[in-house]
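Beneath this line is the structure, given in structure tokens, with notes to follow.
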Amino acid sequence: MSVHAHSQAHVASPPIAAPRSGFDWWLVAFAVALAGLGVVMVLSASGIMAERMVHDKYFFFKKQAIFLGIGVCLMFFVAWLPRKILYGPVYLWLFVVLALLAMTMIPPFSVKAGGARRWMHLGPLLLQPMELAKVVLVFYLAYFYSSKQALVKSFSVGFIPPVIVTGILGVVLLIQPDFGGAVFLGMLFFLMSLVGGTRIIYLFVSGLFGAAAAVLLVVHSPYRFKRWFAFLDPFQDPQGTGYQLVQSFFAFGSGQVTGVGFGAGKQKLFYLPEAHTDFIMAVTGEELGFIGVSVILAMIGVLMWRSFRIALAQDDLRDRFTAYGMAMVLGIGFLLNLAVVMGCVPPKGVAMPFLSYGGSNLISGFLCVGILLNLSRRKPT
Amino acid sequence: MSRAQKQIRDFSRMRLMVVGGVFFLFWASLWVRAGFLQIVQGPQLAEQALRQHMASEYDRGKRGVILDRNGQLLAKSVEFMAVSAVPKEVKNPEEASSALSKVFGVPQKDIQRKLTSHSNFVYLARRVNDRAAAQVKALNIPGVTLATEYGRSYPNKQMAGQLLGFVGYDDQGLEGLEKYFEPMLAGKKAKYVVQRDASGRRLYLDAQGREMANADGSDVRLTIDAQIQFFAEEALAKAVVDNKAKAGTCIVVHVKSAEILAWANYPFFNPNGGSDSDPKAARNRLALDVLEPGSTMKPILIAAALQEKVVRPDTTYNCEKGQWNFQNIATIRDTHPYDVLPVNKILRWSSNIGAAKIGMDLGAPKLHAYFEKVGFGQPTGLPLPGEAKGLLRPLSAWSKLDLATNSFGQGIGVTPVQLAQAFHIIANNGVRKPLRLVLDPVQDSAYWPETRVFDPQVARTVQQMMREVVEEEKGTGVKAHIDGLELGGKTGTAQKAKATGGYGDKYLADFVGFIPAVDPEYMILVMVDEPEPNHYGGVVAAPAVREVAIKSLSYLGRMPESVKLAQEQRPAAPAHAQGPTGTAPDVAEVLGVAFPPMNLSVNGAEVPNLVGLPLRKASEILASKGVVPSLKGSGLVVGKQNPAAGTPWNAVEKEPFTLWLAKAS
């Protein structure tokens with residue numbers, strides 16, 4: 001097949017020179033730049049709120065800056081780590097993550113915020129195990145699909161185990177409840193399986209089941225239904241179900257082309273809920289305008305292009321699936337968050353990688369980049 | 001690498017590229033979406049957002065103050081807090097209302113009803129005290145806000161109450177000067193845009209403050225002198241109470257400037273509200289009561305007759321021994337029977353028959369014309385809402401008898417201030433000058449220029465005749481006499497018309513005084529309504545004019561030194577106790593203080609009896625002799641003195657003057 005032949009040629013000699021020694025510095029540069037921009041936007045978005053709540057307008061800024069430092073260190077550490085150690089015992093990682101997720105619901109560690117138990121105490125820090133779960137799920141699925149390639153087309157051996165693993169993690173997330181997290185893992189599973197070689201029909205049918213379950217869940221409760229589909233016309237109930245989205249739209253709209261100027265946004269003045277976390281892009285849109293949003297989208301584009309490129313450059317299937325999975329952890333995060341804040345999908349709590357406030361989010365973002373760097377560093381073959 | 005492996009890898013590579021392609025498709029769509037939101041819908045969304053960030057708020061500036069001529073506060077605004085709510089912003093009306101009901105001490109359901117109403121704005125409580133305001137602030141209920149509002153305070157209580165008027169709950173002038181000057185005094189309604197956050201907190205408070213400063217109302221400064229106003233009210237209250245009268249008015253005018261120094265109405269009205277604020281007492285009688293002035297009309301009649309050269313001061317009239325059958329229609333009577341009297345004595349002894357005959361000689365058209373010239377039948381134009389114009393019937397409606405009775409002040413209705421204005425023309429040597437009540441803003445008097453009504457000689461002649469009323473033997477106004485001064489005046493004792501027709505046994509006693517008699521500097525008019533049993537103007541009203549004159553002249557420093565001492569040693573209320581900047585004491589309180597009879601030497605060669613006098617008064621008397629007493633004990637009244645009364649002053653200088661104080665009984 002000509003297509004295959006064409007593809008093969010690319011593997012042998014990629015049109016763009018693959019990194020042969022050292023890292024993909026483009027990836028490093030754009031990840032750190034995005035995170036740096038995120039720290040600055042967190043300051044703008046949270047300053048007034050932090051001043052009022054903890055009498056320190058730099059409270060969230062400082063924490064985010066510290067996590068940026070930790071994240072960069074972790075990124076380089078992971079990049080240099082021998083791959084054997086990096087891949088490690090996948091099932092142990094799975095177990096650890098599941099345990100951590102379970103601990104979010106056990107009182108001494110549990111932290112309840114906004115009606116959900118998504119965080120746990122880890123010494124003085126708050127950990128959101130879901131962020132870790134994404135990375136671990138990628139490790140597991142990459143391991144599974146690369147090692148079970150011969151059986152991947154079979155239903156019982158090739159399809160059921162990853163479904164069960166993803167399902168368990170998803171159910172635990174739903175209990176928290178973290179619907180966004182569960183959807184995230186579901187999408188991650190779907191995209192990994194797609195590339196991993198699972199039959200499309202399985203994915204299609206399971207997708208149908210998932211959709212049916214979601215529809216049932218939503219239709220069962222009129223309130224949830226209303227809340228879910230409010231995104232289609234948030235202005236119908238701007239004080240109720242449409243509130244968040246209307247406020248987000250106001251922010252983006254106020255920014256217009258050039259933005260109102262850094263720090264001058266009004267929507268963060270308690271109009272936008274979660275201005276410094278999930279809705280950081282709305283604040284950015286208001287303050288930096290379409291130009292600022294475009295710069296960020298361009299940076300995301302470069303970052304994702306480099307990530308896909310690293311994945312494509314991998315000859316070993318496990319390496320490729322891992323790189324692809326890490327790219328997807330970031331990619332799904334970017335798209336889902338933007339889609340939510342711009343009212344394209346039903347609202348769910350998904351952080352913007354690198355930009356949203358949150359240590360776990362930032363760390364997991366740099367972890368993904370670190371792994372990608374590790375894979376870009378050298379070719380195993 | 002096996003071929004199978006390779007195949008799978010290539011297969012995965014293809015799928016990966018598809019996923020990548022789909023990713024960038026979504027990525028590009030989101031970029032487009034951002035462009036749509038920010039560029040296409042941007043302006044509209046921005047406007048909507050602005051509407052929630054910016055709140056138009058209204059606030060009133062502070063109402064201007066009313067000052068007397070010396071800057072003493074007569075009316076001022078006091079800040080209060082008002083608690084209001086935007087019901088739709090109150091998320092939990094039940095919780096909010098229960099918390100607020102505890103703060104205000106009102107039933108919870110009342111507040112809840114307001115909070116669940118469909119209005120955009122409701123007041124929950126007004127004029128709340130500082131403590132309640134602080135509590136409301138601490139509750140920090142979204143949608144419930146505190147705002148400054150102003151209430152009115154009249155620091156001198158009832159002083160000039162009817163003149164000042166009062167304001168309503170929303171600080172709007174409802175009566176008196178407060179009403180007339182409402183457009184000036186009222187704080188401007190300032191609309192200003194504030195930025196607010198989602199919890200409704202305002203941002204940039206300093207900019208707001210600046211804006212509000214321009215919204216404050218302007219001040220009004222009156223010609224009234226609070227001190228003279230106090231003397232007038234005090235004397236008037238005494239005249240009304242002592243003569244068991246119903247009501248009274250007193251006006252003091254500085255003649256040259258035509259400025260009204262005092263404007264008193266009794267019963268008093270306290271515009272602050274409360275138990276002493278009888279709405280009936282709010283009536284500004286000086287401008288509203290239409291009365292038949294009676295004999296006080298005679299100087300105006302005589303001035304007109306002199307001006308028209310119908311009479312000379314020595315023209316004589318037969319006064320018919322007190323009873324004159326007027327053309328078989330009616331009988332005109334005098335209080336005392338007189339034979340033939342010259343014009344000046346007609347005035348001095350106030351003969352109705354003489355006045356009627358002068359009127360007949362002058363003729364109705366001329367008398368009516370002069371009535372109009374002196375301002376009867378028209379409002380004076382003073383800044384008083386609803387001023388009465390009096391009752392001057394058209395000339396065509398006058399009968400022969402009307403001409404006769406109008407000549408001595410019957411059958412015509414004038415307000416006290418109209419009468420004052422008419423007499424002011426005589427006092428001002430014949431020139432009519434609009435009376436003024438306000439110094440600032442300067443009243444526009446262009447519509448009514450100064451006009452000469454009487455020749456200066458005519459005015460002087462009448463002034464001389466009025467001098468005789470007070471200063472000459474058997475004048476009707478001798479009780480207004482002040483030693484050392486020459487006063488002019490005219491009494492009035494008008495029988496009041498009954499509602500059923502004819503005249504009953506109720507009287508209006510009035511007296512107008514010129515100080516001094518010729519080319520007067522001050523004019524004082526006192527009217528006492530329905531005094532009993534004494535009803536003669538010379539008995540009821542003249543002493544009040546005298547009292548106001550003495551105190552005002554002393555206060556103004558216009559009393560000759562020798563006269564001052566003589567007057568000061570008479571028993572008098574300690575009006576001096578209050579400086580012009582202090583709060584005038586409650587007149588009723590002052591009147592309630594009774595002083596023991598004193599045996600004071602008029603020539604002042606001996607030490608007076610100070611026992612029973614208030615310390616202040618005693619000190620003043622001693623100070624006038626250059627003596628500073630040493631005080632023993634505590635109290636406000638002198639209980640004992642050393643040296644004793646009657647000791648010659650020249651003996652006193654050798655020993656210290658000691659006063660032992662006692663509590664007032």
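Chain labels run A, B, ... following the order of the structure tokens; each chain numbers its residues from 1, and ligands are numbered from 1 in the order shown.
Counting only C-alpha atoms, every residue of chain A that comes within 6 Å of chain B is listed here: Val195, Phe250, Phe252, Gly253, Ser254, Gln256, Leu269, Phe270 and Tyr271 of chain A.
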Write out as a PDB file with C-alpha atoms, in the first residue's frame which residues come within 9 Å of Lys88 in chain B when counting only C-alpha atoms, dropping same-chain ones fewer than 5 positions away.
```pdb
ATOM      1  CA  LEU B 115     -37.182  41.597  50.749  1.00  0.00           C
ATOM      2  CA  THR B 116     -39.438  39.375  48.702  1.00  0.00           C
ATOM      3  CA  SER B 117     -41.211  42.222  46.964  1.00  0.00           C
ATOM      4  CA  HIS B 118     -40.773  42.802  43.260  1.00  0.00           C
ATOM      5  CA  SER B 119     -39.465  46.332  43.650  1.00  0.00           C
ATOM      6  CA  ASN B 120     -36.002  47.135  42.494  1.00  0.00           C
ATOM      7  CA  GLY B 143     -28.073  43.126  48.316  1.00  0.00           C
TER       8      GLY B 143
END
```
| task | Pick out the residues sitting within 12 Å of Val246 in chain A, and hand them over as a PyMOL selection string; count only C-alpha atoms, and ignore anything fewer than 3 positions along from it in its own chain. | result | (chain A and resi 230-243+249-254+267+271-273+279+282+340-343+347) or (chain B and resi 37+45-46+48-49+52)
| query | Leaving out Val637 in chain B and any residue of its chain fewer than 6 positions from it, which residues lie within 6 Å of it when counting only C-alpha atoms, given as a PyMOL selection string? | reply | chain B and resi 612-615+661-662+664
Same residues, all heavy atoms, saved as a PDB file, in the first residue's frame:
```pdb
ATOM      1  N   GLY B 612     -30.653  86.505  95.758  1.00  0.00           N
ATOM      2  CA  GLY B 612     -31.730  85.938  94.945  1.00  0.00           C
ATOM      3  C   GLY B 612     -31.482  86.077  93.460  1.00  0.00           C
ATOM      4  O   GLY B 612     -32.149  85.451  92.646  1.00  0.00           O
ATOM      5  N   LEU B 613     -30.488  86.889  93.095  1.00  0.00           N
ATOM      6  CA  LEU B 613     -30.197  87.064  91.668  1.00  0.00           C
ATOM      7  C   LEU B 613     -29.348  85.888  91.171  1.00  0.00           C
ATOM      8  O   LEU B 613     -28.570  85.323  91.921  1.00  0.00           O
ATOM      9  CB  LEU B 613     -29.412  88.358  91.441  1.00  0.00           C
ATOM     10  CG  LEU B 613     -30.179  89.663  91.358  1.00  0.00           C
ATOM     11  CD1 LEU B 613     -29.199  90.794  91.067  1.00  0.00           C
ATOM     12  CD2 LEU B 613     -31.264  89.607  90.302  1.00  0.00           C
ATOM     13  N   PRO B 614     -29.513  85.579  89.925  1.00  0.00           N
ATOM     14  CA  PRO B 614     -28.592  84.588  89.358  1.00  0.00           C
ATOM     15  C   PRO B 614     -27.177  85.132  89.426  1.00  0.00           C
ATOM     16  O   PRO B 614     -26.961  86.340  89.271  1.00  0.00           O
ATOM     17  CB  PRO B 614     -29.050  84.437  87.909  1.00  0.00           C
ATOM     18  CG  PRO B 614     -30.394  85.065  87.835  1.00  0.00           C
ATOM     19  CD  PRO B 614     -30.472  86.071  88.948  1.00  0.00           C
ATOM     20  N   LEU B 615     -26.241  84.260  89.623  1.00  0.00           N
ATOM     21  CA  LEU B 615     -24.846  84.646  89.762  1.00  0.00           C
ATOM     22  C   LEU B 615     -24.399  85.493  88.574  1.00  0.00           C
ATOM     23  O   LEU B 615     -23.703  86.492  88.708  1.00  0.00           O
ATOM     24  CB  LEU B 615     -23.981  83.389  89.872  1.00  0.00           C
ATOM     25  CG  LEU B 615     -22.470  83.628  89.806  1.00  0.00           C
ATOM     26  CD1 LEU B 615     -22.002  84.507  90.944  1.00  0.00           C
ATOM     27  CD2 LEU B 615     -21.728  82.305  89.821  1.00  0.00           C
ATOM     28  N   LEU B 661     -22.913  81.575  97.458  1.00  0.00           N
ATOM     29  CA  LEU B 661     -23.841  81.025  96.472  1.00  0.00           C
ATOM     30  C   LEU B 661     -24.774  80.001  97.084  1.00  0.00           C
ATOM     31  O   LEU B 661     -24.452  79.361  98.076  1.00  0.00           O
ATOM     32  CB  LEU B 661     -23.062  80.372  95.325  1.00  0.00           C
ATOM     33  CG  LEU B 661     -22.110  81.339  94.608  1.00  0.00           C
ATOM     34  CD1 LEU B 661     -21.340  80.601  93.530  1.00  0.00           C
ATOM     35  CD2 LEU B 661     -22.856  82.515  94.020  1.00  0.00           C
ATOM     36  N   ALA B 662     -25.928  79.874  96.469  1.00  0.00           N
ATOM     37  CA  ALA B 662     -26.902  78.884  96.934  1.00  0.00           C
ATOM     38  C   ALA B 662     -27.523  78.222  95.717  1.00  0.00           C
ATOM     39  O   ALA B 662     -27.492  78.755  94.617  1.00  0.00           O
ATOM     40  CB  ALA B 662     -27.979  79.569  97.785  1.00  0.00           C
ATOM     41  N   ALA B 664     -30.483  77.223  93.361  1.00  0.00           N
ATOM     42  CA  ALA B 664     -31.747  77.898  93.046  1.00  0.00           C
ATOM     43  C   ALA B 664     -32.887  77.133  93.682  1.00  0.00           C
ATOM     44  O   ALA B 664     -32.914  75.907  93.683  1.00  0.00           O
ATOM     45  CB  ALA B 664     -31.932  77.951  91.535  1.00  0.00           C
TER      46      ALA B 664
END
```
| task | May I have all residues of range 93-284 of chain B that DSSP, computed from the backbone, assigns to strand (DSSP E), given as an MDAnalysis selection string? | result | chainID B and resid 122:128 144:153 189:196 202:203 220:222 247:254 259:266
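For the atom pair formed by CA of Asn534 in chain B and CA of Leu236 in chain B, the distance is 15.5 Å, given to one decimal.
We find CA of Gly38 in chain A and CA of Val22 in chain B to be spaced 26.0 Å apart.
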| request: Could you tell me how far CA of Lys506 in chain B lies from CA of Pro531 in chain B, in Å and to one decimal? | output: 7.7 Å
| message | Report as a list of chain:residue names all protein, DNA and RNA residues lying within 7 Å of Ala287 in chain B, evaluated on only C-alpha atoms, omitting residues in the same chain fewer than 4 positions from it. | response | B:Glu387, B:Ala388, B:Thr415, B:Pro416, B:Val417
Please save N, CA, C and O atoms of the selected residues as an mmCIF file, in the first residue's frame.
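Okay, this is what ended up in again-v3.cif:
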```cif
data_model
loop_
_atom_site.group_PDB
_atom_site.id
_atom_site.type_symbol
_atom_site.label_atom_id
_atom_site.label_comp_id
_atom_site.auth_asym_id
_atom_site.auth_seq_id
_atom_site.Cartn_x
_atom_site.Cartn_y
_atom_site.Cartn_z
ATOM 1 N N GLU B 387 -47.949 83.363 51.148
ATOM 2 C CA GLU B 387 -48.213 84.597 51.891
ATOM 3 C C GLU B 387 -49.590 85.153 51.501
ATOM 4 O O GLU B 387 -49.966 85.180 50.335
ATOM 5 N N ALA B 388 -50.337 85.596 52.537
ATOM 6 C CA ALA B 388 -51.677 86.144 52.274
ATOM 7 C C ALA B 388 -51.539 87.547 51.692
ATOM 8 O O ALA B 388 -50.577 88.267 51.983
ATOM 9 N N THR B 415 -52.191 91.718 56.735
ATOM 10 C CA THR B 415 -51.362 90.808 57.532
ATOM 11 C C THR B 415 -50.436 91.662 58.379
ATOM 12 O O THR B 415 -50.153 92.816 58.025
ATOM 13 N N PRO B 416 -49.976 91.138 59.482
ATOM 14 C CA PRO B 416 -49.046 91.923 60.315
ATOM 15 C C PRO B 416 -47.856 92.430 59.522
ATOM 16 O O PRO B 416 -47.411 93.546 59.711
ATOM 17 N N VAL B 417 -47.350 91.606 58.606
ATOM 18 C CA VAL B 417 -46.156 92.032 57.879
ATOM 19 C C VAL B 417 -46.508 93.144 56.884
ATOM 20 O O VAL B 417 -45.693 94.035 56.611
#
```
